[in-house]
file final-v5.csv (CSV, all heavy atoms)
chain,number,residue,atom,x,y,z
A,30,MET,N,25.9,13.3,15.3
A,30,MET,CA,25.3,12.4,14.3
A,30,MET,C,25.4,11.0,14.8
A,30,MET,O,26.4,10.5,15.2
A,30,MET,CB,26.0,12.5,13.0
A,30,MET,CG,25.4,11.8,11.9
A,30,MET,SD,26.0,12.0,10.2
A,30,MET,CE,27.4,13.0,10.2
A,31,ASN,N,24.2,10.3,14.9
A,31,ASN,CA,24.2,9.0,15.4
A,31,ASN,C,24.6,8.0,14.3
A,31,ASN,O,23.9,7.8,13.3
A,31,ASN,CB,22.7,8.7,15.8
A,31,ASN,CG,22.5,7.3,16.4
A,31,ASN,OD1,23.4,6.4,16.3
A,31,ASN,ND2,21.4,7.1,17.1
A,32,PRO,N,25.7,7.3,14.5
A,32,PRO,CA,26.2,6.3,13.4
A,32,PRO,C,25.3,5.2,13.2
A,32,PRO,O,25.3,4.5,12.1
A,32,PRO,CB,27.5,5.9,13.9
A,32,PRO,CG,27.5,6.1,15.4
A,32,PRO,CD,26.6,7.3,15.6
A,33,ASP,N,24.3,4.9,14.1
A,33,ASP,CA,23.4,3.8,13.9
A,33,ASP,C,22.3,4.2,13.0
A,33,ASP,O,21.6,3.3,12.5
A,33,ASP,CB,22.8,3.4,15.3
A,33,ASP,CG,23.9,2.7,16.2
A,33,ASP,OD1,24.9,2.2,15.6
A,33,ASP,OD2,23.7,2.8,17.4
A,34,VAL,N,22.1,5.5,12.8
A,34,VAL,CA,21.0,6.0,12.0
A,34,VAL,C,21.4,6.5,10.6
A,34,VAL,O,20.8,6.3,9.6
A,34,VAL,CB,20.2,7.1,12.7
A,34,VAL,CG1,19.1,7.7,11.9
A,34,VAL,CG2,19.6,6.5,14.0
A,35,TYR,N,22.6,7.2,10.6
A,35,TYR,CA,23.1,7.8,9.4
A,35,TYR,C,24.3,7.1,8.9
A,35,TYR,O,25.1,6.6,9.7
A,35,TYR,CB,23.4,9.3,9.7
A,35,TYR,CG,22.2,10.1,10.1
A,35,TYR,CD1,22.0,10.5,11.4
A,35,TYR,CD2,21.3,10.4,9.1
A,35,TYR,CE1,20.9,11.2,11.7
A,35,TYR,CE2,20.1,11.2,9.4
A,35,TYR,CZ,19.9,11.5,10.7
A,35,TYR,OH,18.8,12.2,11.1
A,36,PRO,N,24.6,7.1,7.6
A,36,PRO,CA,23.8,7.8,6.6
A,36,PRO,C,22.5,7.0,6.3
A,36,PRO,O,22.5,5.7,6.4
A,36,PRO,CB,24.7,7.8,5.4
A,36,PRO,CG,25.6,6.6,5.5
A,36,PRO,CD,25.7,6.4,7.0
A,37,LEU,N,21.5,7.7,5.9
A,37,LEU,CA,20.3,7.1,5.3
A,37,LEU,C,20.5,6.7,3.9
A,37,LEU,O,21.0,7.6,3.1
A,37,LEU,CB,19.1,8.0,5.4
A,37,LEU,CG,18.7,8.4,6.9
A,37,LEU,CD1,17.5,9.4,6.8
A,37,LEU,CD2,18.3,7.2,7.7
A,38,THR,N,20.2,5.5,3.5
A,38,THR,CA,20.4,5.1,2.1
A,38,THR,C,19.1,5.3,1.3
A,38,THR,O,18.0,4.8,1.7
A,38,THR,CB,20.8,3.7,2.0
A,38,THR,OG1,22.0,3.5,2.7
A,38,THR,CG2,21.1,3.3,0.5
A,39,LEU,N,19.2,6.1,0.2
A,39,LEU,CA,18.1,6.3,-0.7
A,39,LEU,C,18.3,5.6,-2.0
A,39,LEU,O,19.3,5.9,-2.7
A,39,LEU,CB,17.9,7.8,-0.9
A,39,LEU,CG,17.7,8.7,0.3
A,39,LEU,CD1,17.7,10.2,-0.1
A,39,LEU,CD2,16.4,8.3,1.0
A,40,TYR,N,17.4,4.7,-2.3
A,40,TYR,CA,17.5,4.0,-3.6
A,40,TYR,C,16.5,4.7,-4.5
A,40,TYR,O,15.4,5.0,-4.2
A,40,TYR,CB,17.0,2.5,-3.4
A,40,TYR,CG,17.9,1.8,-2.5
A,40,TYR,CD1,17.7,1.7,-1.1
A,40,TYR,CD2,19.0,1.1,-3.0
A,40,TYR,CE1,18.6,1.0,-0.3
A,40,TYR,CE2,19.9,0.4,-2.2
A,40,TYR,CZ,19.6,0.3,-0.9
A,40,TYR,OH,20.5,-0.4,-0.1
A,41,TYR,N,17.0,5.0,-5.7
A,41,TYR,CA,16.2,5.7,-6.7
A,41,TYR,C,16.6,5.2,-8.1
A,41,TYR,O,17.6,4.5,-8.3
A,41,TYR,CB,16.5,7.2,-6.6
A,41,TYR,CG,17.8,7.7,-7.1
A,41,TYR,CD1,18.0,8.3,-8.3
A,41,TYR,CD2,19.0,7.5,-6.3
A,41,TYR,CE1,19.2,8.7,-8.8
A,41,TYR,CE2,20.2,7.9,-6.7
A,41,TYR,CZ,20.3,8.5,-8.0
A,41,TYR,OH,21.5,8.9,-8.4
A,42,ASP,N,15.8,5.6,-9.1
A,42,ASP,CA,15.9,5.3,-10.5
A,42,ASP,C,16.4,6.5,-11.2
A,42,ASP,O,15.7,7.4,-11.6
A,42,ASP,CB,14.6,4.8,-11.0
A,42,ASP,CG,14.6,4.3,-12.4
A,42,ASP,OD1,15.7,4.5,-13.1
A,42,ASP,OD2,13.6,3.9,-12.9
A,43,ALA,N,17.7,6.5,-11.5
A,43,ALA,CA,18.3,7.7,-12.2
A,43,ALA,C,17.9,7.8,-13.6
A,43,ALA,O,18.0,8.8,-14.2
A,43,ALA,CB,19.8,7.6,-12.1
A,44,SER,N,17.3,6.7,-14.2
A,44,SER,CA,16.8,6.8,-15.6
A,44,SER,C,15.5,7.5,-15.6
A,44,SER,O,15.0,7.9,-16.7
A,44,SER,CB,16.7,5.4,-16.2
A,44,SER,OG,15.7,4.6,-15.5
A,45,CYS,N,14.9,7.8,-14.5
A,45,CYS,CA,13.6,8.6,-14.4
A,45,CYS,C,14.0,10.0,-14.2
A,45,CYS,O,14.6,10.4,-13.2
A,45,CYS,CB,12.8,8.0,-13.2
A,45,CYS,SG,11.4,9.1,-12.7
A,46,PRO,N,13.7,10.9,-15.1
A,46,PRO,CA,14.0,12.3,-15.0
A,46,PRO,C,13.5,13.0,-13.7
A,46,PRO,O,14.2,13.8,-13.1
A,46,PRO,CB,13.4,13.0,-16.2
A,46,PRO,CG,13.2,11.9,-17.2
A,46,PRO,CD,13.0,10.6,-16.4
A,47,MET,N,12.3,12.7,-13.3
A,47,MET,CA,11.8,13.3,-12.1
A,47,MET,C,12.5,12.8,-10.8
A,47,MET,O,12.9,13.6,-9.9
A,47,MET,CB,10.3,13.0,-11.9
A,47,MET,CG,9.7,13.7,-10.8
A,47,MET,SD,7.8,13.8,-10.8
A,47,MET,CE,7.3,12.1,-11.1
A,48,CYS,N,12.8,11.5,-10.8
A,48,CYS,CA,13.5,10.9,-9.6
A,48,CYS,C,14.9,11.5,-9.6
A,48,CYS,O,15.4,11.9,-8.5
A,48,CYS,CB,13.6,9.4,-9.8
A,48,CYS,SG,12.0,8.5,-9.8
A,49,ASP,N,15.6,11.6,-10.7
A,49,ASP,CA,17.0,12.1,-10.8
A,49,ASP,C,17.0,13.5,-10.3
A,49,ASP,O,17.9,13.9,-9.6
A,49,ASP,CB,17.5,11.9,-12.2
A,49,ASP,CG,19.0,12.1,-12.2
A,49,ASP,OD1,19.7,11.6,-11.4
A,49,ASP,OD2,19.5,12.8,-13.1
A,50,ALA,N,16.0,14.3,-10.8
A,50,ALA,CA,16.0,15.7,-10.4
A,50,ALA,C,15.8,15.9,-8.9
A,50,ALA,O,16.4,16.7,-8.2
A,50,ALA,CB,14.8,16.4,-11.1
A,51,GLU,N,14.9,15.1,-8.3
A,51,GLU,CA,14.7,15.1,-6.8
A,51,GLU,C,15.9,14.7,-6.1
A,51,GLU,O,16.3,15.4,-5.1
A,51,GLU,CB,13.5,14.2,-6.5
A,51,GLU,CG,13.2,14.2,-5.0
A,51,GLU,CD,12.7,15.6,-4.5
A,51,GLU,OE1,12.2,16.4,-5.4
A,51,GLU,OE2,12.7,15.9,-3.3
A,52,MET,N,16.7,13.7,-6.5
A,52,MET,CA,17.9,13.3,-5.8
A,52,MET,C,19.0,14.4,-5.9
A,52,MET,O,19.7,14.6,-5.0
A,52,MET,CB,18.4,12.0,-6.4
A,52,MET,CG,17.5,10.8,-6.1
A,52,MET,SD,17.1,10.6,-4.3
A,52,MET,CE,15.4,10.9,-4.3
A,53,THR,N,19.0,15.0,-7.1
A,53,THR,CA,20.0,16.2,-7.3
A,53,THR,C,19.6,17.3,-6.3
A,53,THR,O,20.5,17.8,-5.6
A,53,THR,CB,19.9,16.7,-8.7
A,53,THR,OG1,20.3,15.7,-9.6
A,53,THR,CG2,20.8,17.9,-8.9
A,54,HIS,N,18.4,17.6,-6.1
A,54,HIS,CA,17.9,18.6,-5.1
A,54,HIS,C,18.3,18.1,-3.7
A,54,HIS,O,18.8,19.0,-2.9
A,54,HIS,CB,16.4,18.7,-5.2
A,54,HIS,CG,15.8,19.7,-4.2
A,54,HIS,ND1,16.0,21.0,-4.3
A,54,HIS,CD2,15.1,19.4,-3.1
A,54,HIS,CE1,15.4,21.6,-3.3
A,54,HIS,NE2,14.9,20.7,-2.5
A,55,LEU,N,18.1,16.9,-3.4
A,55,LEU,CA,18.4,16.4,-2.0
A,55,LEU,C,19.9,16.4,-1.8
A,55,LEU,O,20.4,16.8,-0.7
A,55,LEU,CB,17.9,15.0,-1.8
A,55,LEU,CG,16.4,14.9,-1.7
A,55,LEU,CD1,15.9,13.4,-1.6
A,55,LEU,CD2,15.9,15.6,-0.4
A,56,ARG,N,20.7,16.1,-2.8
A,56,ARG,CA,22.2,16.1,-2.7
A,56,ARG,C,22.7,17.5,-2.3
A,56,ARG,O,23.6,17.7,-1.5
A,56,ARG,CB,22.9,15.7,-4.0
A,56,ARG,CG,23.0,14.2,-4.1
A,56,ARG,CD,23.9,13.9,-5.3
A,56,ARG,NE,23.8,12.5,-5.6
A,56,ARG,CZ,23.0,11.9,-6.5
A,56,ARG,NH1,22.2,12.7,-7.2
A,56,ARG,NH2,23.0,10.6,-6.7
A,57,LEU,N,22.1,18.5,-3.0
A,57,LEU,CA,22.5,19.9,-2.8
A,57,LEU,C,22.1,20.4,-1.3
A,57,LEU,O,22.9,21.2,-0.8
A,57,LEU,CB,21.8,20.8,-3.8
A,57,LEU,CG,22.3,20.6,-5.2
A,57,LEU,CD1,21.4,21.5,-6.2
A,57,LEU,CD2,23.7,21.0,-5.4
A,58,ARG,N,21.1,19.8,-0.8
A,58,ARG,CA,20.7,20.2,0.6
A,58,ARG,C,21.3,19.4,1.7
A,58,ARG,O,21.2,19.7,2.8
A,58,ARG,CB,19.2,20.1,0.7
A,58,ARG,CG,18.4,21.1,-0.2
A,58,ARG,CD,17.0,21.0,-0.2
A,58,ARG,NE,16.5,21.1,1.2
A,58,ARG,CZ,16.1,22.2,1.8
A,58,ARG,NH1,16.2,23.4,1.1
A,58,ARG,NH2,15.7,22.2,3.0
A,59,ASP,N,22.0,18.3,1.3
A,59,ASP,CA,22.6,17.4,2.3
A,59,ASP,C,24.0,17.8,2.7
A,59,ASP,O,24.9,17.1,2.5
A,59,ASP,CB,22.6,15.9,1.7
A,59,ASP,CG,23.1,14.9,2.7
A,59,ASP,OD1,22.9,15.1,3.9
A,59,ASP,OD2,23.7,13.9,2.2
A,60,GLU,N,24.1,19.0,3.3
A,60,GLU,CA,25.4,19.5,3.7
A,60,GLU,C,26.1,18.7,4.8
A,60,GLU,O,27.3,18.7,4.9
A,60,GLU,CB,25.2,21.0,4.1
A,60,GLU,CG,24.8,21.9,3.0
A,60,GLU,CD,24.6,23.3,3.4
A,60,GLU,OE1,24.8,23.6,4.6
A,60,GLU,OE2,24.1,24.1,2.6
A,61,ALA,N,25.3,18.0,5.6
A,61,ALA,CA,25.8,17.2,6.7
A,61,ALA,C,26.3,15.8,6.2
A,61,ALA,O,26.9,15.1,7.0
A,61,ALA,CB,24.8,17.1,7.8
A,62,GLY,N,26.0,15.5,5.0
A,62,GLY,CA,26.4,14.1,4.5
A,62,GLY,C,25.7,13.0,5.1
A,62,GLY,O,26.2,11.9,5.3
A,63,ARG,N,24.4,13.2,5.4
A,63,ARG,CA,23.6,12.2,6.1
A,63,ARG,C,22.9,11.3,5.1
A,63,ARG,O,22.2,10.4,5.6
A,63,ARG,CB,22.6,12.9,7.0
A,63,ARG,CG,23.2,13.5,8.2
A,63,ARG,CD,22.2,14.1,9.1
A,63,ARG,NE,22.8,14.7,10.3
A,63,ARG,CZ,22.2,15.2,11.3
A,63,ARG,NH1,20.9,15.2,11.3
A,63,ARG,NH2,22.8,15.6,12.3
A,64,LEU,N,23.0,11.5,3.8
A,64,LEU,CA,22.3,10.7,2.9
A,64,LEU,C,23.3,10.0,2.0
A,64,LEU,O,24.3,10.6,1.5
A,64,LEU,CB,21.3,11.6,2.0
A,64,LEU,CG,20.3,12.4,2.8
A,64,LEU,CD1,19.5,13.3,1.8
A,64,LEU,CD2,19.3,11.4,3.5
A,65,ALA,N,23.0,8.7,1.7
A,65,ALA,CA,23.7,8.0,0.7
A,65,ALA,C,22.8,7.6,-0.5
A,65,ALA,O,21.7,7.2,-0.2
A,65,ALA,CB,24.2,6.7,1.3
A,66,PHE,N,23.2,7.9,-1.7
A,66,PHE,CA,22.3,7.8,-2.8
A,66,PHE,C,22.8,6.5,-3.6
A,66,PHE,O,24.0,6.4,-4.0
A,66,PHE,CB,22.4,9.0,-3.7
A,66,PHE,CG,21.9,10.2,-3.0
A,66,PHE,CD1,22.8,11.0,-2.3
A,66,PHE,CD2,20.6,10.6,-3.0
A,66,PHE,CE1,22.4,12.1,-1.6
A,66,PHE,CE2,20.1,11.7,-2.4
A,66,PHE,CZ,21.0,12.5,-1.6
A,67,VAL,N,21.8,5.7,-4.0
A,67,VAL,CA,22.1,4.5,-4.7
A,67,VAL,C,21.2,4.4,-5.9
A,67,VAL,O,20.0,4.4,-5.8
A,67,VAL,CB,22.0,3.2,-3.9
A,67,VAL,CG1,22.2,2.0,-4.7
A,67,VAL,CG2,22.9,3.2,-2.7
A,68,ASP,N,21.8,4.4,-7.1
A,68,ASP,CA,21.0,4.3,-8.3
A,68,ASP,C,20.6,2.9,-8.6
A,68,ASP,O,21.5,2.0,-9.0
A,68,ASP,CB,21.8,4.9,-9.5
A,68,ASP,CG,21.1,4.8,-10.8
A,68,ASP,OD1,19.9,4.4,-10.9
A,68,ASP,OD2,21.8,5.1,-11.9
A,69,ALA,N,19.4,2.5,-8.4
A,69,ALA,CA,18.9,1.2,-8.6
A,69,ALA,C,18.8,0.8,-10.0
A,69,ALA,O,18.6,-0.4,-10.4
A,69,ALA,CB,17.5,1.0,-7.9
A,70,SER,N,18.9,1.7,-11.0
A,70,SER,CA,18.9,1.4,-12.4
A,70,SER,C,20.3,1.2,-13.0
A,70,SER,O,20.4,0.9,-14.2
A,70,SER,CB,18.1,2.5,-13.2
A,70,SER,OG,18.9,3.7,-13.1
A,71,ALA,N,21.3,1.4,-12.2
A,71,ALA,CA,22.7,1.2,-12.7
A,71,ALA,C,23.0,-0.2,-13.0
A,71,ALA,O,22.5,-1.2,-12.3
A,71,ALA,CB,23.7,1.7,-11.6
A,72,PRO,N,23.8,-0.5,-14.1
A,72,PRO,CA,24.2,-1.8,-14.4
A,72,PRO,C,24.9,-2.5,-13.2
A,72,PRO,O,25.7,-1.8,-12.6
A,72,PRO,CB,25.1,-1.7,-15.6
A,72,PRO,CG,24.8,-0.3,-16.2
A,72,PRO,CD,24.3,0.5,-15.0
A,73,GLY,N,24.6,-3.7,-12.9
A,73,GLY,CA,25.2,-4.4,-11.9
A,73,GLY,C,24.7,-4.1,-10.5
A,73,GLY,O,25.2,-4.6,-9.5
A,74,PHE,N,23.6,-3.3,-10.4
A,74,PHE,CA,23.0,-3.0,-9.1
A,74,PHE,C,22.5,-4.3,-8.5
A,74,PHE,O,21.8,-5.1,-9.2
A,74,PHE,CB,21.8,-2.0,-9.2
A,74,PHE,CG,21.0,-1.9,-8.0
A,74,PHE,CD1,21.5,-1.2,-6.9
A,74,PHE,CD2,19.8,-2.5,-7.8
A,74,PHE,CE1,20.8,-1.1,-5.7
A,74,PHE,CE2,19.0,-2.4,-6.7
A,74,PHE,CZ,19.5,-1.7,-5.6
A,75,ASP,N,22.8,-4.5,-7.2
A,75,ASP,CA,22.4,-5.7,-6.5
A,75,ASP,C,21.7,-5.3,-5.3
A,75,ASP,O,22.4,-4.7,-4.4
A,75,ASP,CB,23.6,-6.6,-6.2
A,75,ASP,CG,23.3,-8.0,-5.7
A,75,ASP,OD1,22.1,-8.4,-5.9
A,75,ASP,OD2,24.1,-8.6,-5.0
A,76,ALA,N,20.4,-5.5,-5.2
A,76,ALA,CA,19.7,-5.1,-4.0
A,76,ALA,C,20.1,-5.8,-2.8
A,76,ALA,O,20.4,-7.0,-2.8
A,76,ALA,CB,18.2,-5.3,-4.3
A,77,PRO,N,20.2,-5.1,-1.7
A,77,PRO,CA,20.6,-5.8,-0.4
A,77,PRO,C,19.5,-6.7,0.0
A,77,PRO,O,18.3,-6.5,-0.3
A,77,PRO,CB,20.8,-4.6,0.6
A,77,PRO,CG,20.0,-3.5,0.0
A,77,PRO,CD,20.0,-3.7,-1.5
A,78,PRO,N,19.9,-7.7,0.8
A,78,PRO,CA,18.9,-8.7,1.3
A,78,PRO,C,17.8,-8.1,2.2
A,78,PRO,O,17.9,-7.1,2.8
A,78,PRO,CB,19.7,-9.7,2.0
A,78,PRO,CG,21.0,-9.2,2.2
A,78,PRO,CD,21.2,-8.0,1.3
call {"tool": "encode", "arguments": {"input": "final-v5.csv", "output": "structure tokens"}}
result
Amino acid sequence: MNPDVYPLTLYYDASCPMCDAEMTHLRLRDEAGRLAFVDASAPGFDAPP
């Protein structure tokens, strides 16, 4: 696993049922831990520059 590439950060809207379902599906398939999930709808979310 290349540390310069992984983990990939996925920003999503957990308040959207379709988005949340897709991220749940991806979490189940991410056995290698290469994905980081960030809920952009969470209180206090601060987008990176």
call {"tool": "select_by_dssp", "arguments": {"input": "final-v5.csv", "residues": "chain A", "states": "strand (DSSP E)", "output": "PyMOL selection string"}}
result
chain A and resi 37-41+64-68
call {"tool": "residues_around", "arguments": {"input": "final-v5.csv", "residues": "A:Phe66", "least_positions_apart": "4", "cutoff": "9 Å", "atoms": "only C-alpha atoms", "output": "list in words"}}
result
Leu37, Thr38, Leu39, Tyr40, Tyr41, Met52 and Arg56 of chain A
call {"tool": "residues_around", "arguments": {"input": "final-v5.csv", "residues": "A:Leu55", "least_positions_apart": "5", "cutoff": "10 Å", "atoms": "only C-alpha atoms", "output": "PDB file with all heavy atoms, in the frame of the given file"}}
result
ATOM      1  N   ASP A  49      15.600  11.600 -10.700  1.00  0.00           N
ATOM      2  CA  ASP A  49      17.000  12.100 -10.800  1.00  0.00           C
ATOM      3  C   ASP A  49      17.000  13.500 -10.300  1.00  0.00           C
ATOM      4  O   ASP A  49      17.900  13.900  -9.600  1.00  0.00           O
ATOM      5  CB  ASP A  49      17.500  11.900 -12.200  1.00  0.00           C
ATOM      6  CG  ASP A  49      19.000  12.100 -12.200  1.00  0.00           C
ATOM      7  OD1 ASP A  49      19.700  11.600 -11.400  1.00  0.00           O
ATOM      8  OD2 ASP A  49      19.500  12.800 -13.100  1.00  0.00           O
ATOM      9  N   ALA A  50      16.000  14.300 -10.800  1.00  0.00           N
ATOM     10  CA  ALA A  50      16.000  15.700 -10.400  1.00  0.00           C
ATOM     11  C   ALA A  50      15.800  15.900  -8.900  1.00  0.00           C
ATOM     12  O   ALA A  50      16.400  16.700  -8.200  1.00  0.00           O
ATOM     13  CB  ALA A  50      14.800  16.400 -11.100  1.00  0.00           C
ATOM     14  N   GLU A  60      24.100  19.000   3.300  1.00  0.00           N
ATOM     15  CA  GLU A  60      25.400  19.500   3.700  1.00  0.00           C
ATOM     16  C   GLU A  60      26.100  18.700   4.800  1.00  0.00           C
ATOM     17  O   GLU A  60      27.300  18.700   4.900  1.00  0.00           O
ATOM     18  CB  GLU A  60      25.200  21.000   4.100  1.00  0.00           C
ATOM     19  CG  GLU A  60      24.800  21.900   3.000  1.00  0.00           C
ATOM     20  CD  GLU A  60      24.600  23.300   3.400  1.00  0.00           C
ATOM     21  OE1 GLU A  60      24.800  23.600   4.600  1.00  0.00           O
ATOM     22  OE2 GLU A  60      24.100  24.100   2.600  1.00  0.00           O
ATOM     23  N   LEU A  64      23.000  11.500   3.800  1.00  0.00           N
ATOM     24  CA  LEU A  64      22.300  10.700   2.900  1.00  0.00           C
ATOM     25  C   LEU A  64      23.300  10.000   2.000  1.00  0.00           C
ATOM     26  O   LEU A  64      24.300  10.600   1.500  1.00  0.00           O
ATOM     27  CB  LEU A  64      21.300  11.600   2.000  1.00  0.00           C
ATOM     28  CG  LEU A  64      20.300  12.400   2.800  1.00  0.00           C
ATOM     29  CD1 LEU A  64      19.500  13.300   1.800  1.00  0.00           C
ATOM     30  CD2 LEU A  64      19.300  11.400   3.500  1.00  0.00           C
ATOM     31  N   PHE A  66      23.200   7.900  -1.700  1.00  0.00           N
ATOM     32  CA  PHE A  66      22.300   7.800  -2.800  1.00  0.00           C
ATOM     33  C   PHE A  66      22.800   6.500  -3.600  1.00  0.00           C
ATOM     34  O   PHE A  66      24.000   6.400  -4.000  1.00  0.00           O
ATOM     35  CB  PHE A  66      22.400   9.000  -3.700  1.00  0.00           C
ATOM     36  CG  PHE A  66      21.900  10.200  -3.000  1.00  0.00           C
ATOM     37  CD1 PHE A  66      22.800  11.000  -2.300  1.00  0.00           C
ATOM     38  CD2 PHE A  66      20.600  10.600  -3.000  1.00  0.00           C
ATOM     39  CE1 PHE A  66      22.400  12.100  -1.600  1.00  0.00           C
ATOM     40  CE2 PHE A  66      20.100  11.700  -2.400  1.00  0.00           C
ATOM     41  CZ  PHE A  66      21.000  12.500  -1.600  1.00  0.00           C
TER      42      PHE A  66
END
call {"tool": "atom_distance", "arguments": {"input": "final-v5.csv", "atom1": "atom OD2 of A:Asp68", "atom2": "atom C of A:Cys45"}}
result
9.5 Å
call {"tool": "atom_distance", "arguments": {"input": "final-v5.csv", "atom1": "atom CA of A:Asp59", "atom2": "atom N of A:Pro36"}}
result
11.8 Å
call {"tool": "select_by_dssp", "arguments": {"input": "final-v5.csv", "residues": "chain A", "states": "helix (DSSP H, G or I)", "output": "MDAnalysis selection string"}}
result
chainID A and resid 46:58
call {"tool": "write_last_selection", "arguments": {"input": "final-v5.csv", "atoms": "all heavy atoms", "output": "CSV table (one decimal), keeping the file's coordinate frame"}}
result
chain,number,residue,atom,x,y,z
A,46,PRO,N,13.7,10.9,-15.1
A,46,PRO,CA,14.0,12.3,-15.0
A,46,PRO,C,13.5,13.0,-13.7
A,46,PRO,O,14.2,13.8,-13.1
A,46,PRO,CB,13.4,13.0,-16.2
A,46,PRO,CG,13.2,11.9,-17.2
A,46,PRO,CD,13.0,10.6,-16.4
A,47,MET,N,12.3,12.7,-13.3
A,47,MET,CA,11.8,13.3,-12.1
A,47,MET,C,12.5,12.8,-10.8
A,47,MET,O,12.9,13.6,-9.9
A,47,MET,CB,10.3,13.0,-11.9
A,47,MET,CG,9.7,13.7,-10.8
A,47,MET,SD,7.8,13.8,-10.8
A,47,MET,CE,7.3,12.1,-11.1
A,48,CYS,N,12.8,11.5,-10.8
A,48,CYS,CA,13.5,10.9,-9.6
A,48,CYS,C,14.9,11.5,-9.6
A,48,CYS,O,15.4,11.9,-8.5
A,48,CYS,CB,13.6,9.4,-9.8
A,48,CYS,SG,12.0,8.5,-9.8
A,49,ASP,N,15.6,11.6,-10.7
A,49,ASP,CA,17.0,12.1,-10.8
A,49,ASP,C,17.0,13.5,-10.3
A,49,ASP,O,17.9,13.9,-9.6
A,49,ASP,CB,17.5,11.9,-12.2
A,49,ASP,CG,19.0,12.1,-12.2
A,49,ASP,OD1,19.7,11.6,-11.4
A,49,ASP,OD2,19.5,12.8,-13.1
A,50,ALA,N,16.0,14.3,-10.8
A,50,ALA,CA,16.0,15.7,-10.4
A,50,ALA,C,15.8,15.9,-8.9
A,50,ALA,O,16.4,16.7,-8.2
A,50,ALA,CB,14.8,16.4,-11.1
A,51,GLU,N,14.9,15.1,-8.3
A,51,GLU,CA,14.7,15.1,-6.8
A,51,GLU,C,15.9,14.7,-6.1
A,51,GLU,O,16.3,15.4,-5.1
A,51,GLU,CB,13.5,14.2,-6.5
A,51,GLU,CG,13.2,14.2,-5.0
A,51,GLU,CD,12.7,15.6,-4.5
A,51,GLU,OE1,12.2,16.4,-5.4
A,51,GLU,OE2,12.7,15.9,-3.3
A,52,MET,N,16.7,13.7,-6.5
A,52,MET,CA,17.9,13.3,-5.8
A,52,MET,C,19.0,14.4,-5.9
A,52,MET,O,19.7,14.6,-5.0
A,52,MET,CB,18.4,12.0,-6.4
A,52,MET,CG,17.5,10.8,-6.1
A,52,MET,SD,17.1,10.6,-4.3
A,52,MET,CE,15.4,10.9,-4.3
A,53,THR,N,19.0,15.0,-7.1
A,53,THR,CA,20.0,16.2,-7.3
A,53,THR,C,19.6,17.3,-6.3
A,53,THR,O,20.5,17.8,-5.6
A,53,THR,CB,19.9,16.7,-8.7
A,53,THR,OG1,20.3,15.7,-9.6
A,53,THR,CG2,20.8,17.9,-8.9
A,54,HIS,N,18.4,17.6,-6.1
A,54,HIS,CA,17.9,18.6,-5.1
A,54,HIS,C,18.3,18.1,-3.7
A,54,HIS,O,18.8,19.0,-2.9
A,54,HIS,CB,16.4,18.7,-5.2
A,54,HIS,CG,15.8,19.7,-4.2
A,54,HIS,ND1,16.0,21.0,-4.3
A,54,HIS,CD2,15.1,19.4,-3.1
A,54,HIS,CE1,15.4,21.6,-3.3
A,54,HIS,NE2,14.9,20.7,-2.5
A,55,LEU,N,18.1,16.9,-3.4
A,55,LEU,CA,18.4,16.4,-2.0
A,55,LEU,C,19.9,16.4,-1.8
A,55,LEU,O,20.4,16.8,-0.7
A,55,LEU,CB,17.9,15.0,-1.8
A,55,LEU,CG,16.4,14.9,-1.7
A,55,LEU,CD1,15.9,13.4,-1.6
A,55,LEU,CD2,15.9,15.6,-0.4
A,56,ARG,N,20.7,16.1,-2.8
A,56,ARG,CA,22.2,16.1,-2.7
A,56,ARG,C,22.7,17.5,-2.3
A,56,ARG,O,23.6,17.7,-1.5
A,56,ARG,CB,22.9,15.7,-4.0
A,56,ARG,CG,23.0,14.2,-4.1
A,56,ARG,CD,23.9,13.9,-5.3
A,56,ARG,NE,23.8,12.5,-5.6
A,56,ARG,CZ,23.0,11.9,-6.5
A,56,ARG,NH1,22.2,12.7,-7.2
A,56,ARG,NH2,23.0,10.6,-6.7
A,57,LEU,N,22.1,18.5,-3.0
A,57,LEU,CA,22.5,19.9,-2.8
A,57,LEU,C,22.1,20.4,-1.3
A,57,LEU,O,22.9,21.2,-0.8
A,57,LEU,CB,21.8,20.8,-3.8
A,57,LEU,CG,22.3,20.6,-5.2
A,57,LEU,CD1,21.4,21.5,-6.2
A,57,LEU,CD2,23.7,21.0,-5.4
A,58,ARG,N,21.1,19.8,-0.8
A,58,ARG,CA,20.7,20.2,0.6
A,58,ARG,C,21.3,19.4,1.7
A,58,ARG,O,21.2,19.7,2.8
A,58,ARG,CB,19.2,20.1,0.7
A,58,ARG,CG,18.4,21.1,-0.2
A,58,ARG,CD,17.0,21.0,-0.2
A,58,ARG,NE,16.5,21.1,1.2
A,58,ARG,CZ,16.1,22.2,1.8
A,58,ARG,NH1,16.2,23.4,1.1
A,58,ARG,NH2,15.7,22.2,3.0
call {"tool": "atom_distance", "arguments": {"input": "final-v5.csv", "atom1": "atom CB of A:Ala65", "atom2": "atom OD2 of A:Asp42"}}
result
17.9 Å
call {"tool": "axis_aligned_box", "arguments": {"input": "final-v5.csv", "around": "stretch 53-57 of chain A", "padding_each_side": "4 Å", "output": "lines of an AutoDock Vina configuration file"}}
result
center_x = 19.4
center_y = 16.1
center_z = -5.0
size_x = 17.0
size_y = 19.0
size_z = 17.2
